[in-house]
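Chemist: Dumping the structure here so I can ask a few things about it.
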Amino acid sequence: MIKVQTFVTNSHNTADHNKLSNGINKFLAENDVEVVDIKYSTCSCIDPMGKIHWIPTALMIYKEKQ
């Protein structure tokens with residue numbers, strides 16, 4: 001069965017992809033899965049002061065090993 005896992009950092013620094021990598025590596029270490037693909041993206045949000053923050057995200061598509 002194909003599944004997806006989303007990874008989102010709470011960092012507002014688009015250059016800080018280490019948190020994404022750490023989250024993905026931790027997930028892979030804890031689960032016996034075969035990675036199909038990983039898509040990286042950046043989403044934006046606006047804080048109450050009107051400042052735009054860019055947040056790095058990743059979507060991993062994987063299969064559970066049997």
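We label chains A, B, ... in the order they appear in the structure tokens, count residues from 1 in each chain, and number ligands from 1 in the order shown.
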Looking only at strand (DSSP E) from DSSP on the backbone, list the matching residues of chain A as a PyMOL selection string.

Modeler: chain A and resi 2-8+33-46+52-64

Chemist: Residues of the last selection are to be written out with C-alpha atoms, as a tab-separated table (two decimals), in the first residue's frame.

Modeler:
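After the write, again-v3.tsv holds the following:
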chain	number	residue	atom	x	y	z
A	2	ILE	CA	1.32	3.45	-0.90
A	3	LYS	CA	1.21	6.05	1.88
A	4	VAL	CA	2.38	9.61	2.43
A	5	GLN	CA	4.02	11.42	5.31
A	6	THR	CA	4.24	15.19	5.59
A	7	PHE	CA	7.13	16.98	7.28
A	8	VAL	CA	6.85	20.63	8.31
A	33	VAL	CA	9.55	1.51	4.43
A	34	GLU	CA	10.64	1.90	0.82
A	35	VAL	CA	10.76	5.52	-0.32
A	36	VAL	CA	9.04	6.13	-3.64
A	37	ASP	CA	9.64	9.90	-3.84
A	38	ILE	CA	10.17	13.00	-1.72
A	39	LYS	CA	8.82	16.36	-2.83
A	40	TYR	CA	10.15	19.52	-1.23
A	41	SER	CA	8.25	22.78	-1.15
A	42	THR	CA	8.02	26.06	0.70
A	43	CYS	CA	4.76	27.48	1.99
A	44	SER	CA	4.10	30.96	3.25
A	45	CYS	CA	2.20	32.29	6.22
A	46	ILE	CA	1.56	35.77	7.54
A	52	ILE	CA	5.46	36.91	5.59
A	53	HIS	CA	7.30	33.77	6.73
A	54	TRP	CA	8.45	31.03	4.35
A	55	ILE	CA	8.31	27.55	5.84
A	56	PRO	CA	10.11	24.58	4.23
A	57	THR	CA	8.04	21.40	3.92
A	58	ALA	CA	8.44	17.91	2.47
A	59	LEU	CA	6.01	15.22	1.35
A	60	MET	CA	7.35	11.67	1.32
A	61	ILE	CA	5.58	8.98	-0.70
A	62	TYR	CA	6.47	5.50	0.52
A	63	LYS	CA	5.50	1.82	0.56
A	64	GLU	CA	5.48	-0.30	3.66

Chemist: Hey, what's within 10 Å of Asn31 in chain A if we count only C-alpha atoms and toss same-chain stuff fewer than 4 positions away? As a PyMOL selection string, please?

Modeler: chain A and resi 25-27+64-65

Chemist: Quick one: write out the picked residues with N, CA, C and O atoms as a compact mmCIF listing (two decimals), in the first residue's frame?

Modeler:
# COMPACT_ATOMS: atom_id res chain seq x y z
N ASN A 25 14.91 11.43 8.25
CA ASN A 25 15.81 10.35 8.68
C ASN A 25 15.29 9.63 9.91
O ASN A 25 15.41 8.41 10.01
N LYS A 26 14.71 10.36 10.84
CA LYS A 26 14.14 9.73 12.03
C LYS A 26 12.98 8.81 11.66
O LYS A 26 12.87 7.69 12.14
N PHE A 27 12.11 9.29 10.77
CA PHE A 27 10.98 8.48 10.31
C PHE A 27 11.48 7.20 9.65
O PHE A 27 10.97 6.11 9.90
N GLU A 64 5.08 0.50 2.51
CA GLU A 64 5.48 -0.30 3.66
C GLU A 64 6.04 -1.63 3.14
O GLU A 64 5.46 -2.26 2.26
N LYS A 65 7.20 -2.02 3.67
CA LYS A 65 7.79 -3.30 3.29
C LYS A 65 7.00 -4.41 3.96
O LYS A 65 6.49 -4.26 5.05

Chemist: From a DSSP pass on the backbone, collect the residues of chain A flagged as helix (DSSP H, G or I) and hand them back as a PyMOL selection string.

Modeler: chain A and resi 18-30

Chemist: What separation in Å, quoted to one decimal, exists between CA of Asn10 in chain A and CA of Lys51 in chain A?

Modeler: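 Between these atoms lies a distance of 15.4 Å.
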